[in-house]
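> Data: protein30.pdb, PDB, C-alpha atoms.
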ATOM      1  CA  MET A 149     -66.071 148.245  -5.452
ATOM      2  CA  ARG A 150     -64.501 149.216  -8.752
ATOM      3  CA  ARG A 151     -60.800 149.707  -9.301
ATOM      4  CA  ARG A 152     -61.181 153.469  -9.755
ATOM      5  CA  GLU A 153     -62.846 153.653  -6.338
ATOM      6  CA  LEU A 154     -59.930 151.814  -4.760
ATOM      7  CA  LEU A 155     -57.366 153.983  -6.493
ATOM      8  CA  ALA A 156     -59.301 157.155  -5.723
ATOM      9  CA  PHE A 157     -59.250 156.601  -1.992
ATOM     10  CA  GLY A 158     -57.131 159.108  -0.173
ATOM     11  CA  LEU A 159     -55.235 158.549   3.041
ATOM     12  CA  SER A 160     -55.541 161.069   5.841
ATOM     13  CA  SER A 161     -52.367 163.092   5.862
ATOM     14  CA  PHE A 162     -49.850 162.293   8.533
ATOM     15  CA  SER A 163     -46.094 162.253   8.847
ATOM     16  CA  LEU A 164     -43.854 159.321   9.621
ATOM     17  CA  ALA A 165     -42.260 161.428  12.331
ATOM     18  CA  ALA A 166     -45.581 162.056  14.069
ATOM     19  CA  LEU A 167     -46.484 158.403  13.873
ATOM     20  CA  GLY A 168     -43.084 157.474  15.207
ATOM     21  CA  ALA A 169     -43.700 159.686  18.230
ATOM     22  CA  ARG A 170     -47.037 157.981  18.896
ATOM     23  CA  VAL A 171     -45.496 154.533  18.620
ATOM     24  CA  SER A 172     -42.617 155.536  20.893
ATOM     25  CA  ALA A 173     -45.120 156.152  23.641
ATOM     26  CA  GLN A 174     -45.930 152.427  23.498
ATOM     27  CA  GLY A 175     -42.384 151.254  22.839
ATOM     28  CA  LYS A 176     -39.982 151.462  19.931
ATOM     29  CA  PHE A 177     -41.099 149.983  16.616
ATOM     30  CA  PRO A 178     -39.661 148.126  14.946
ATOM     31  CA  GLU A 179     -37.404 146.522  17.528
ATOM     32  CA  GLY A 180     -35.860 144.115  15.022
ATOM     33  CA  PRO A 181     -36.476 142.565  11.606
ATOM     34  CA  ILE A 182     -40.060 142.359  10.361
ATOM     35  CA  LYS A 183     -41.122 139.007   8.943
ATOM     36  CA  LEU A 184     -43.315 139.205   5.849
ATOM     37  CA  ILE A 185     -45.049 135.870   5.280
ATOM     38  CA  VAL A 186     -45.819 135.259   1.600
ATOM     39  CA  PRO A 187     -48.339 132.459   0.886
ATOM     40  CA  PRO A 188     -47.253 131.388  -2.645
ATOM     41  CA  ALA A 189     -43.880 129.907  -3.496
ATOM     42  CA  ALA A 190     -40.866 132.050  -4.299
ATOM     43  CA  GLY A 191     -40.964 133.556  -7.780
ATOM     44  CA  GLY A 192     -44.741 133.947  -7.969
ATOM     45  CA  VAL A 193     -46.482 137.273  -8.504
ATOM     46  CA  VAL A 194     -47.161 137.852  -4.802
ATOM     47  CA  ASP A 195     -43.587 136.981  -3.911
ATOM     48  CA  VAL A 196     -42.327 139.454  -6.504
ATOM     49  CA  VAL A 197     -44.478 142.299  -5.152
ATOM     50  CA  GLY A 198     -43.558 141.398  -1.571
ATOM     51  CA  ARG A 199     -39.846 141.532  -2.306
ATOM     52  CA  PHE A 200     -40.196 144.790  -4.240
ATOM     53  CA  TRP A 201     -42.006 146.322  -1.259
ATOM     54  CA  ALA A 202     -39.572 144.941   1.327
ATOM     55  CA  ASP A 203     -36.651 146.498  -0.518
ATOM     56  CA  GLN A 204     -38.456 149.826  -0.944
ATOM     57  CA  VAL A 205     -39.313 150.330   2.758
ATOM     58  CA  LYS A 206     -35.922 149.440   4.238
ATOM     59  CA  SER A 207     -35.170 153.092   4.959
ATOM     60  CA  SER A 208     -38.315 153.545   7.061
ATOM     61  CA  LEU A 209     -38.987 150.091   8.556
ATOM     62  CA  GLY A 210     -35.587 148.432   8.522
ATOM     63  CA  ASN A 211     -34.909 144.875   7.442
ATOM     64  CA  ILE A 212     -37.870 142.868   6.083
ATOM     65  CA  VAL A 213     -37.355 139.096   6.005
ATOM     66  CA  ILE A 214     -39.452 137.211   3.417
ATOM     67  CA  GLU A 215     -40.768 133.813   4.500
ATOM     68  CA  ASN A 216     -42.699 131.747   1.947
ATOM     69  CA  GLN A 217     -45.366 129.493   3.460
ATOM     70  CA  GLY A 218     -47.299 127.849   0.642
ATOM     71  CA  GLY A 219     -50.113 125.340   0.711
ATOM     72  CA  GLY A 220     -53.783 125.106   1.524
ATOM     73  CA  GLY A 221     -54.969 127.927  -0.703
ATOM     74  CA  GLY A 222     -53.003 130.400   1.405
ATOM     75  CA  ILE A 223     -54.654 129.183   4.593
ATOM     76  CA  ILE A 224     -51.405 128.043   6.237
ATOM     77  CA  ALA A 225     -49.771 131.441   5.839
ATOM     78  CA  ALA A 226     -52.867 133.362   6.921
ATOM     79  CA  GLN A 227     -53.265 131.199  10.018
ATOM     80  CA  ALA A 228     -49.631 131.736  10.957
ATOM     81  CA  VAL A 229     -50.067 135.510  10.892
ATOM     82  CA  ALA A 230     -53.481 135.435  12.615
ATOM     83  CA  ARG A 231     -51.862 133.526  15.526
ATOM     84  CA  ALA A 232     -48.674 135.603  15.671
ATOM     85  CA  LYS A 233     -47.912 138.126  18.400
ATOM     86  CA  PRO A 234     -49.717 141.368  17.509
ATOM     87  CA  ASP A 235     -46.671 143.625  17.661
ATOM     88  CA  GLY A 236     -46.179 144.454  13.981
ATOM     89  CA  HIS A 237     -43.157 142.189  13.546
ATOM     90  CA  THR A 238     -45.107 139.539  11.603
ATOM     91  CA  LEU A 239     -47.047 140.595   8.516
ATOM     92  CA  LEU A 240     -48.947 138.805   5.775
ATOM     93  CA  ALA A 241     -48.584 139.558   2.072
ATOM     94  CA  GLY A 242     -52.276 138.843   1.737
ATOM     95  CA  THR A 243     -54.257 138.448  -1.456
ATOM     96  CA  THR A 244     -57.743 137.756  -2.726
ATOM     97  CA  THR A 245     -57.042 134.063  -2.136
ATOM     98  CA  GLU A 246     -56.438 134.218   1.639
ATOM     99  CA  LEU A 247     -58.837 137.063   2.419
ATOM    100  CA  VAL A 248     -61.741 136.187   0.120
ATOM    101  CA  ILE A 249     -61.649 132.895  -1.787
ATOM    102  CA  SER A 250     -60.482 130.472   0.902
ATOM    103  CA  PRO A 251     -62.772 131.869   3.639
ATOM    104  CA  ALA A 252     -65.742 131.739   1.246
ATOM    105  CA  THR A 253     -65.132 128.154   0.125
ATOM    106  CA  THR A 254     -63.426 126.411   3.048
ATOM    107  CA  ASN A 255     -63.787 126.163   6.806
ATOM    108  CA  VAL A 256     -60.816 128.245   7.920
ATOM    109  CA  SER A 257     -59.733 128.821  11.507
ATOM    110  CA  TYR A 258     -59.427 132.583  11.081
ATOM    111  CA  ASP A 259     -61.862 135.386  10.399
ATOM    112  CA  PRO A 260     -60.327 137.511   7.624
ATOM    113  CA  GLN A 261     -62.074 140.626   8.913
ATOM    114  CA  LYS A 262     -61.246 140.178  12.611
ATOM    115  CA  ASP A 263     -58.097 138.081  12.936
ATOM    116  CA  LEU A 264     -56.109 139.913  10.237
ATOM    117  CA  ALA A 265     -55.744 143.674  10.620
ATOM    118  CA  PRO A 266     -55.753 145.524   7.273
ATOM    119  CA  ILE A 267     -52.881 147.898   6.573
ATOM    120  CA  ALA A 268     -52.784 148.715   2.856
ATOM    121  CA  ILE A 269     -53.393 147.398  -0.642
ATOM    122  CA  THR A 270     -50.110 147.673  -2.528
ATOM    123  CA  ALA A 271     -50.970 146.447  -6.017
ATOM    124  CA  VAL A 272     -53.567 144.684  -8.100
ATOM    125  CA  SER A 273     -53.155 142.091 -10.799
ATOM    126  CA  VAL A 274     -55.841 142.144 -13.478
ATOM    127  CA  SER A 275     -57.153 138.868 -14.875
ATOM    128  CA  ALA A 276     -57.900 138.578 -18.578
ATOM    129  CA  LEU A 277     -59.580 136.267 -21.055
ATOM    130  CA  MET A 278     -57.427 135.193 -23.983
ATOM    131  CA  VAL A 279     -57.977 133.060 -27.051
ATOM    132  CA  HIS A 280     -55.512 131.299 -29.314
ATOM    133  CA  ALA A 281     -55.025 132.936 -32.701
ATOM    134  CA  SER A 282     -56.514 129.862 -34.399
ATOM    135  CA  LEU A 283     -59.933 130.598 -32.870
ATOM    136  CA  PRO A 284     -61.943 132.725 -35.343
ATOM    137  CA  VAL A 285     -62.885 135.509 -32.902
ATOM    138  CA  THR A 286     -61.401 138.943 -32.309
ATOM    139  CA  THR A 287     -63.720 140.372 -29.633
ATOM    140  CA  LEU A 288     -65.463 139.105 -26.512
ATOM    141  CA  LYS A 289     -68.872 139.456 -28.162
ATOM    142  CA  GLU A 290     -67.648 137.349 -31.092
ATOM    143  CA  LEU A 291     -66.443 134.745 -28.577
ATOM    144  CA  VAL A 292     -69.917 134.614 -27.034
ATOM    145  CA  ALA A 293     -71.516 134.185 -30.464
ATOM    146  CA  TYR A 294     -69.024 131.453 -31.410
ATOM    147  CA  ALA A 295     -69.592 129.581 -28.148
ATOM    148  CA  LYS A 296     -73.367 129.674 -28.585
ATOM    149  CA  THR A 297     -73.191 128.314 -32.131
ATOM    150  CA  ASN A 298     -70.645 125.663 -31.101
ATOM    151  CA  PRO A 299     -72.020 124.413 -27.755
ATOM    152  CA  GLY A 300     -69.774 122.096 -25.764
ATOM    153  CA  LYS A 301     -66.739 122.637 -27.982
ATOM    154  CA  LEU A 302     -64.840 125.232 -25.970
ATOM    155  CA  SER A 303     -62.578 124.821 -22.950
ATOM    156  CA  TYR A 304     -60.286 127.154 -21.089
ATOM    157  CA  GLY A 305     -57.220 126.704 -18.927
ATOM    158  CA  SER A 306     -56.186 128.474 -15.748
ATOM    159  CA  ALA A 307     -53.508 128.307 -13.066
ATOM    160  CA  GLY A 308     -55.828 126.255 -10.876
ATOM    161  CA  VAL A 309     -59.134 126.011  -9.047
ATOM    162  CA  GLY A 310     -59.931 129.071  -6.970
ATOM    163  CA  THR A 311     -57.387 131.384  -8.564
ATOM    164  CA  SER A 312     -58.502 134.874  -9.505
ATOM    165  CA  ALA A 313     -58.193 133.954 -13.192
ATOM    166  CA  HIS A 314     -60.453 130.944 -12.653
ATOM    167  CA  LEU A 315     -63.013 133.277 -11.071
ATOM    168  CA  CYS A 316     -62.648 135.646 -14.024
ATOM    169  CA  ALA A 317     -63.641 132.928 -16.486
ATOM    170  CA  GLU A 318     -66.452 131.591 -14.312
ATOM    171  CA  LEU A 319     -67.880 135.085 -13.887
ATOM    172  CA  PHE A 320     -67.726 135.556 -17.668
ATOM    173  CA  LYS A 321     -69.539 132.236 -18.201
ATOM    174  CA  GLN A 322     -72.263 133.317 -15.777
ATOM    175  CA  LEU A 323     -72.669 136.780 -17.329
ATOM    176  CA  ALA A 324     -72.686 135.415 -20.886
ATOM    177  CA  GLY A 325     -74.904 132.412 -20.165
ATOM    178  CA  LEU A 326     -72.280 129.886 -21.271
ATOM    179  CA  PRO A 327     -72.185 127.185 -18.590
ATOM    180  CA  ASP A 328     -70.841 124.468 -20.900
ATOM    181  CA  ILE A 329     -67.356 125.969 -21.417
ATOM    182  CA  VAL A 330     -65.124 123.426 -19.661
ATOM    183  CA  HIS A 331     -62.450 124.413 -17.146
ATOM    184  CA  VAL A 332     -59.042 122.732 -17.435
ATOM    185  CA  PRO A 333     -57.103 123.565 -14.240
ATOM    186  CA  TYR A 334     -53.306 123.406 -14.163
ATOM    187  CA  ARG A 335     -50.830 123.413 -11.304
ATOM    188  CA  GLY A 336     -49.685 126.947 -11.934
ATOM    189  CA  ALA A 337     -50.007 129.320 -14.856
ATOM    190  CA  ASN A 338     -46.769 128.523 -16.708
ATOM    191  CA  PRO A 339     -47.512 124.910 -17.770
ATOM    192  CA  GLY A 340     -51.037 125.893 -18.789
ATOM    193  CA  LEU A 341     -49.852 128.878 -20.786
ATOM    194  CA  ALA A 342     -47.285 126.689 -22.563
ATOM    195  CA  ASP A 343     -50.110 124.409 -23.762
ATOM    196  CA  PHE A 344     -52.231 127.426 -24.662
ATOM    197  CA  TYR A 345     -49.495 129.091 -26.692
ATOM    198  CA  ALA A 346     -48.944 125.768 -28.497
ATOM    199  CA  GLY A 347     -52.606 125.681 -29.519
ATOM    200  CA  GLN A 348     -53.656 122.806 -27.261
ATOM    201  CA  LEU A 349     -56.269 125.008 -25.583
ATOM    202  CA  PRO A 350     -58.566 127.461 -27.387
ATOM    203  CA  MET A 351     -58.935 129.766 -24.360
ATOM    204  CA  PHE A 352     -57.032 130.738 -21.246
ATOM    205  CA  ALA A 353     -57.716 132.903 -18.220
ATOM    206  CA  ALA A 354     -54.684 134.477 -16.588
ATOM    207  CA  SER A 355     -53.287 137.641 -15.108
ATOM    208  CA  ILE A 356     -51.921 139.998 -17.728
ATOM    209  CA  SER A 357     -48.163 139.535 -17.770
ATOM    210  CA  PRO A 358     -45.274 140.779 -19.912
ATOM    211  CA  GLN A 359     -45.050 137.311 -21.515
ATOM    212  CA  ALA A 360     -48.751 137.254 -22.410
ATOM    213  CA  MET A 361     -48.540 140.780 -23.808
ATOM    214  CA  GLU A 362     -45.582 139.772 -25.995
ATOM    215  CA  MET A 363     -47.541 136.817 -27.409
ATOM    216  CA  HIS A 364     -50.556 139.082 -27.954
ATOM    217  CA  ARG A 365     -48.533 141.697 -29.799
ATOM    218  CA  ARG A 366     -46.912 139.012 -31.970
ATOM    219  CA  GLY A 367     -50.363 137.759 -32.988
ATOM    220  CA  LYS A 368     -49.974 134.333 -31.377
ATOM    221  CA  ILE A 369     -52.890 134.922 -29.018
ATOM    222  CA  ARG A 370     -55.582 137.565 -28.569
ATOM    223  CA  ILE A 371     -56.298 139.138 -25.193
ATOM    224  CA  LEU A 372     -59.986 139.988 -25.549
ATOM    225  CA  VAL A 373     -60.634 141.796 -22.272
ATOM    226  CA  ALA A 374     -59.021 142.919 -19.046
ATOM    227  CA  GLY A 375     -61.238 142.537 -15.990
ATOM    228  CA  SER A 376     -61.021 146.220 -15.071
ATOM    229  CA  ASP A 377     -63.000 149.356 -15.860
ATOM    230  CA  ARG A 378     -59.844 151.362 -16.563
ATOM    231  CA  HIS A 379     -57.092 150.847 -19.117
ATOM    232  CA  LEU A 380     -53.978 149.232 -17.709
ATOM    233  CA  GLU A 381     -50.855 151.343 -17.415
ATOM    234  CA  GLY A 382     -48.712 148.633 -18.994
ATOM    235  CA  ALA A 383     -51.225 147.538 -21.644
ATOM    236  CA  PRO A 384     -53.544 150.423 -22.588
ATOM    237  CA  GLU A 385     -54.603 148.791 -25.856
ATOM    238  CA  ILE A 386     -56.409 145.896 -24.138
ATOM    239  CA  PRO A 387     -60.193 146.513 -24.044
ATOM    240  CA  THR A 388     -61.690 147.244 -20.635
ATOM    241  CA  ASN A 389     -64.714 145.319 -19.407
ATOM    242  CA  VAL A 390     -66.973 148.217 -20.422
ATOM    243  CA  GLU A 391     -65.491 148.419 -23.921
ATOM    244  CA  ALA A 392     -65.891 144.649 -24.291
ATOM    245  CA  GLY A 393     -69.563 144.885 -23.342
ATOM    246  CA  PHE A 394     -69.311 143.270 -19.909
ATOM    247  CA  PRO A 395     -69.150 146.069 -17.311
ATOM    248  CA  ASP A 396     -69.657 143.633 -14.413
ATOM    249  CA  LEU A 397     -66.600 141.592 -15.384
ATOM    250  CA  VAL A 398     -64.347 143.047 -12.682
ATOM    251  CA  THR A 399     -61.634 140.557 -11.717
ATOM    252  CA  LEU A 400     -58.773 141.984  -9.721
ATOM    253  CA  MET A 401     -56.422 140.050  -7.495
ATOM    254  CA  PHE A 402     -55.400 142.441  -4.775
ATOM    255  CA  MET A 403     -52.096 142.162  -2.952
ATOM    256  CA  GLY A 404     -51.755 143.906   0.369
ATOM    257  CA  LEU A 405     -50.359 144.017   3.870
ATOM    258  CA  PHE A 406     -52.088 142.558   6.906
ATOM    259  CA  ALA A 407     -51.047 142.217  10.551
ATOM    260  CA  PRO A 408     -52.389 139.990  13.341
ATOM    261  CA  GLY A 409     -55.686 141.225  14.753
ATOM    262  CA  GLY A 410     -55.152 143.365  17.815
ATOM    263  CA  THR A 411     -51.965 145.009  16.565
ATOM    264  CA  PRO A 412     -51.850 148.552  18.082
ATOM    265  CA  ARG A 413     -53.209 151.186  15.732
ATOM    266  CA  PRO A 414     -50.082 153.410  15.899
ATOM    267  CA  ILE A 415     -48.016 150.487  14.567
ATOM    268  CA  ILE A 416     -50.584 149.822  11.817
ATOM    269  CA  ASP A 417     -50.472 153.493  10.866
ATOM    270  CA  GLN A 418     -46.668 153.554  10.788
ATOM    271  CA  ILE A 419     -46.514 150.578   8.423
ATOM    272  CA  ALA A 420     -49.307 152.042   6.292
ATOM    273  CA  ALA A 421     -47.422 155.334   6.031
ATOM    274  CA  ALA A 422     -44.264 153.505   4.951
ATOM    275  CA  ALA A 423     -46.267 151.606   2.327
ATOM    276  CA  ARG A 424     -47.850 154.806   1.020
ATOM    277  CA  GLN A 425     -44.450 156.501   0.858
ATOM    278  CA  ALA A 426     -43.043 153.525  -1.077
ATOM    279  CA  LEU A 427     -45.919 153.513  -3.578
ATOM    280  CA  ALA A 428     -45.535 157.251  -4.177
ATOM    281  CA  ASP A 429     -42.072 156.615  -5.613
ATOM    282  CA  LYS A 430     -42.230 156.782  -9.446
ATOM    283  CA  GLY A 431     -39.405 154.293  -9.813
ATOM    284  CA  PHE A 432     -41.236 151.779  -7.646
ATOM    285  CA  GLN A 433     -44.440 152.308  -9.616
ATOM    286  CA  LYS A 434     -42.596 151.725 -12.878
ATOM    287  CA  LYS A 435     -41.037 148.534 -11.541
ATOM    288  CA  LEU A 436     -44.481 147.170 -10.650
ATOM    289  CA  ILE A 437     -46.018 148.167 -13.984
ATOM    290  CA  GLN A 438     -43.183 146.554 -15.953
ATOM    291  CA  ALA A 439     -43.781 143.337 -14.000
ATOM    292  CA  GLY A 440     -47.462 143.363 -14.956
ATOM    293  CA  PHE A 441     -49.027 144.934 -11.863
ATOM    294  CA  GLU A 442     -51.106 148.023 -11.241
ATOM    295  CA  PRO A 443     -49.764 150.002  -8.251
ATOM    296  CA  VAL A 444     -52.286 151.325  -5.730
ATOM    297  CA  ILE A 445     -50.983 154.749  -4.797
ATOM    298  CA  ASP A 446     -53.229 155.780  -1.893
ATOM    299  CA  SER A 447     -54.464 153.076   0.431
ATOM    300  CA  GLY A 448     -54.772 152.650   4.171
ATOM    301  CA  PRO A 449     -56.436 150.515   6.864
ATOM    302  CA  GLU A 450     -60.019 151.745   6.393
ATOM    303  CA  GLN A 451     -59.861 151.556   2.603
ATOM    304  CA  THR A 452     -58.382 148.064   2.728
ATOM    305  CA  ALA A 453     -60.981 146.810   5.213
ATOM    306  CA  ARG A 454     -63.806 148.130   3.049
ATOM    307  CA  PHE A 455     -62.315 146.675  -0.122
ATOM    308  CA  VAL A 456     -61.958 143.195   1.424
ATOM    309  CA  GLN A 457     -65.511 143.377   2.755
ATOM    310  CA  ASP A 458     -66.842 144.367  -0.678
ATOM    311  CA  GLU A 459     -64.899 141.602  -2.421
ATOM    312  CA  LEU A 460     -66.258 139.008   0.034
ATOM    313  CA  ALA A 461     -69.804 140.192  -0.656
ATOM    314  CA  ARG A 462     -69.221 140.181  -4.420
ATOM    315  CA  TRP A 463     -67.484 136.819  -4.827
ATOM    316  CA  THR A 464     -69.130 134.589  -2.199
ATOM    317  CA  PRO A 465     -72.405 134.071  -4.144
ATOM    318  CA  LEU A 466     -70.523 133.191  -7.351
ATOM    319  CA  LEU A 467     -68.205 130.801  -5.528
ATOM    320  CA  LYS A 468     -71.127 128.997  -3.950
ATOM    321  CA  THR A 469     -73.199 128.918  -7.152
ATOM    322  CA  ALA A 470     -70.282 127.547  -9.168
ATOM    323  CA  GLY A 471     -69.452 125.028  -6.428
ATOM    324  CA  ILE A 472     -65.814 126.108  -6.403
ATOM    325  CA  LYS A 473     -63.768 124.436  -3.668
ATOM    326  CA  VAL A 474     -60.146 125.301  -2.886
ATOM    327  CA  ASN A 475     -58.063 122.318  -1.774
TER     328      ASN A 475
END
Could I get this structure in the form of structure tokens?

Amino acid sequence: MRRRELLAFGLSSFSLAALGARVSAQGKFPEGPIKLIVPPAAGGVVDVVGRFWADQVKSSLGNIVIENQGGGGGIIAAQAVARAKPDGHTLLAGTTTELVISPATTNVSYDPQKDLAPIAITAVSVSALMVHASLPVTTLKELVAYAKTNPGKLSYGSAGVGTSAHLCAELFKQLAGLPDIVHVPYRGANPGLADFYAGQLPMFAASISPQAMEMHRRGKIRILVAGSDRHLEGAPEIPTNVEAGFPDLVTLMFMGLFAPGGTPRPIIDQIAAAARQALADKGFQKKLIQAGFEPVIDSGPEQTARFVQDELARWTPLLKTAGIKVN
């Protein structure tokens, strides 16, 4: 599923008041603080989006408590939510990692399509391929030509094995027929980007961020492509996958809301409505864009379920072919 399809999805119209009446028939919701479990450590991109969202929905859902549970490629956090009481008071700030990559590469104790109830996609982070300014290429096609005339000489860094940026580069290698470009995984994007900016790596795969855009605009690096078929709101000058000549290079990390499987549908709908209301706010959208994210304006349970299913079908073959394992 392409990004435009995700963003084009509409949500059946309903009011928070009507949903509140339906939930009241089953008991008041929420009855206290809602715990939002965030898999990565505090300060990461998912944590940032989660905290933005928690602050935005206070008026409709009350207090949202953020709890970071890192480790295991997001498996620990996803398991905690899958096993939680299905009453809407424990949610997962789920991403491509927990819903797609880990289940496709590791034996996990939860079924992402059954044990985690989809609510909404809130934002996407677009992965990009970048080169250091010292590399004599200015487009993705020139990079392919350079790599083919200099076999075995290129390497790229990423934030780690199994990250969406890692998948972006591996998908590019597969599409371009360049299996000998070596992956150099780091423990997080920041140390890898520091080496990249210093010229110690010729290539890097990472989510487009304000810092990367600043380095690009200063001519220190070149962002050759964004893994999306639409221009980014915060970086419209970056070539899309189609413009770069690789229309199948779609690499989005989605960030969304998931509840334990079996959570009553009226509660799911109430949270989804609150999320949609939050994302409709122009100030909230601007905050996400300035932080390097693409807000998803209209999303709901059915759209989210379909998107996760499509991403599983799209990425599982590549993950298995590339032998990618998430520790």
> Taking the file as shown, find all residues satisfying the PyMOL selection byres ((chain A and resi 314) around 12) and write them as a ChimeraX atom specification.
/A:245,249,275-277,304-313,315-321,330-334,336-337,351-355,399-401,466-467,470,472-474
> I would like the residues chosen by the PyMOL selection byres ((chain A and resi 295) around 12) on the shown file; could you give them as number ranges by chain?
A: 283-285, 288-294, 296-304, 321, 324-330, 350-351
> Just say which residues the PyMOL selection byres ((chain A and resi 387) around 7) picks in this file, as a PyMOL selection string.
chain A and resi 372-374+385-386+388-389+391-392
> I'd like the neighbourhood of Gly409 in chain A as a PyMOL selection string, where a residue qualifies if any of its atoms comes within 9 Å (using only C-alpha atoms), though same-chain residues fewer than 3 positions away should be ignored.
chain A and resi 229-231+234+261-266+406+412
> What gap, in Å, lies between CA of Glu215 in chain A and CA of Val186 in chain A?
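Straight-line distance from CA of Glu215 in chain A to CA of Val186 in chain A works out to 6.0 Å.
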> If you take every atom of range 417-425 of chain A that the file lists and fit an axis-aligned box around them with 4 Å extra on each side, what centre and edge lengths come out in Å to one decimal, as lines of an AutoDock Vina configuration file?

center_x = -47.4
center_y = 153.5
center_z = 5.9
size_x = 14.2
size_y = 13.9
size_z = 18.0
> Taking only C-alpha atoms into account, which of A:Leu184, A:Val274, A:Leu349, A:Ile269 comes nearest Ala202 in chain A?
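Using only C-alpha atoms, the shortest distance to Ala202 in chain A belongs to A:Leu184.
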> How many Å lie between CA of Ile369 in chain A and CA of Val279 in chain A, rounded to one decimal?
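Value for the CA of Ile369 in chain A-CA of Val279 in chain A distance: 5.8 Å.
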> Which polymer residues have any atom within 12 Å of an atom of Gly192 in chain A, counting all atoms listed in the file, with same-chain residues fewer than 2 positions away left out, as a count of residues only?
20
> So how far away is CA of Ile212 in chain A from CA of Gln425 in chain A, in Å?
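According to the coordinates, CA of Gln425 in chain A and CA of Ile212 in chain A are separated by 16.0 Å.
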> Name all residues at most 9 Å from Pro449 in chain A (count only C-alpha atoms; drop same-chain ones fewer than 4 positions away) and give them as a list in words.
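Near Pro449 in chain A, the qualifying residues are Leu159, Ala265, Pro266, Ile267, Ala268, Ile269, Ile416, Asp417, Ala420, Ala453 and Arg454 of chain A.
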> From the set A:Val390, A:Ile185, A:Leu380, A:Val398, which residue has the shortest atom-to-atom contact distance to Trp463 in chain A, counting all atoms listed in the file?
A:Val398
> Considering all atoms listed in the file, return as a PyMOL selection string whatever protein or nucleic-acid residues lie within 6 Å of Val272 in chain A, sequence-local ones (same chain, fewer than 5 positions apart) excluded.
chain A and resi 401-403+441-442
> Is it possible to add all heavy atoms to range 263-267 of chain A and hand it back as a compact mmCIF listing (two decimals), in the coordinates of the input?

# COMPACT_ATOMS: atom_id res chain seq x y z
N ASP A 263 -59.38 138.64 12.50
CA ASP A 263 -58.10 138.08 12.94
C ASP A 263 -56.91 138.60 12.14
O ASP A 263 -55.76 138.33 12.50
CB ASP A 263 -58.13 136.55 12.86
CG ASP A 263 -59.20 135.96 13.76
OD1 ASP A 263 -59.46 136.57 14.83
OD2 ASP A 263 -59.79 134.92 13.41
N LEU A 264 -57.18 139.32 11.05
CA LEU A 264 -56.11 139.91 10.24
C LEU A 264 -56.41 141.40 10.08
O LEU A 264 -57.42 141.78 9.51
CB LEU A 264 -56.02 139.24 8.86
CG LEU A 264 -55.59 137.76 8.89
CD1 LEU A 264 -55.81 137.11 7.54
CD2 LEU A 264 -54.13 137.65 9.31
N ALA A 265 -55.54 142.23 10.64
CA ALA A 265 -55.74 143.67 10.62
C ALA A 265 -55.27 144.26 9.30
O ALA A 265 -54.10 144.12 8.93
CB ALA A 265 -55.00 144.32 11.78
N PRO A 266 -56.14 144.94 8.56
CA PRO A 266 -55.75 145.52 7.27
C PRO A 266 -54.82 146.71 7.44
O PRO A 266 -54.97 147.51 8.36
CB PRO A 266 -57.09 145.97 6.68
CG PRO A 266 -57.96 146.24 7.87
CD PRO A 266 -57.55 145.23 8.90
N ILE A 267 -53.83 146.78 6.55
CA ILE A 267 -52.88 147.90 6.57
C ILE A 267 -52.96 148.70 5.28
O ILE A 267 -53.22 149.90 5.28
CB ILE A 267 -51.44 147.39 6.78
CG1 ILE A 267 -51.32 146.64 8.12
CG2 ILE A 267 -50.45 148.56 6.73
CD1 ILE A 267 -49.98 145.98 8.33
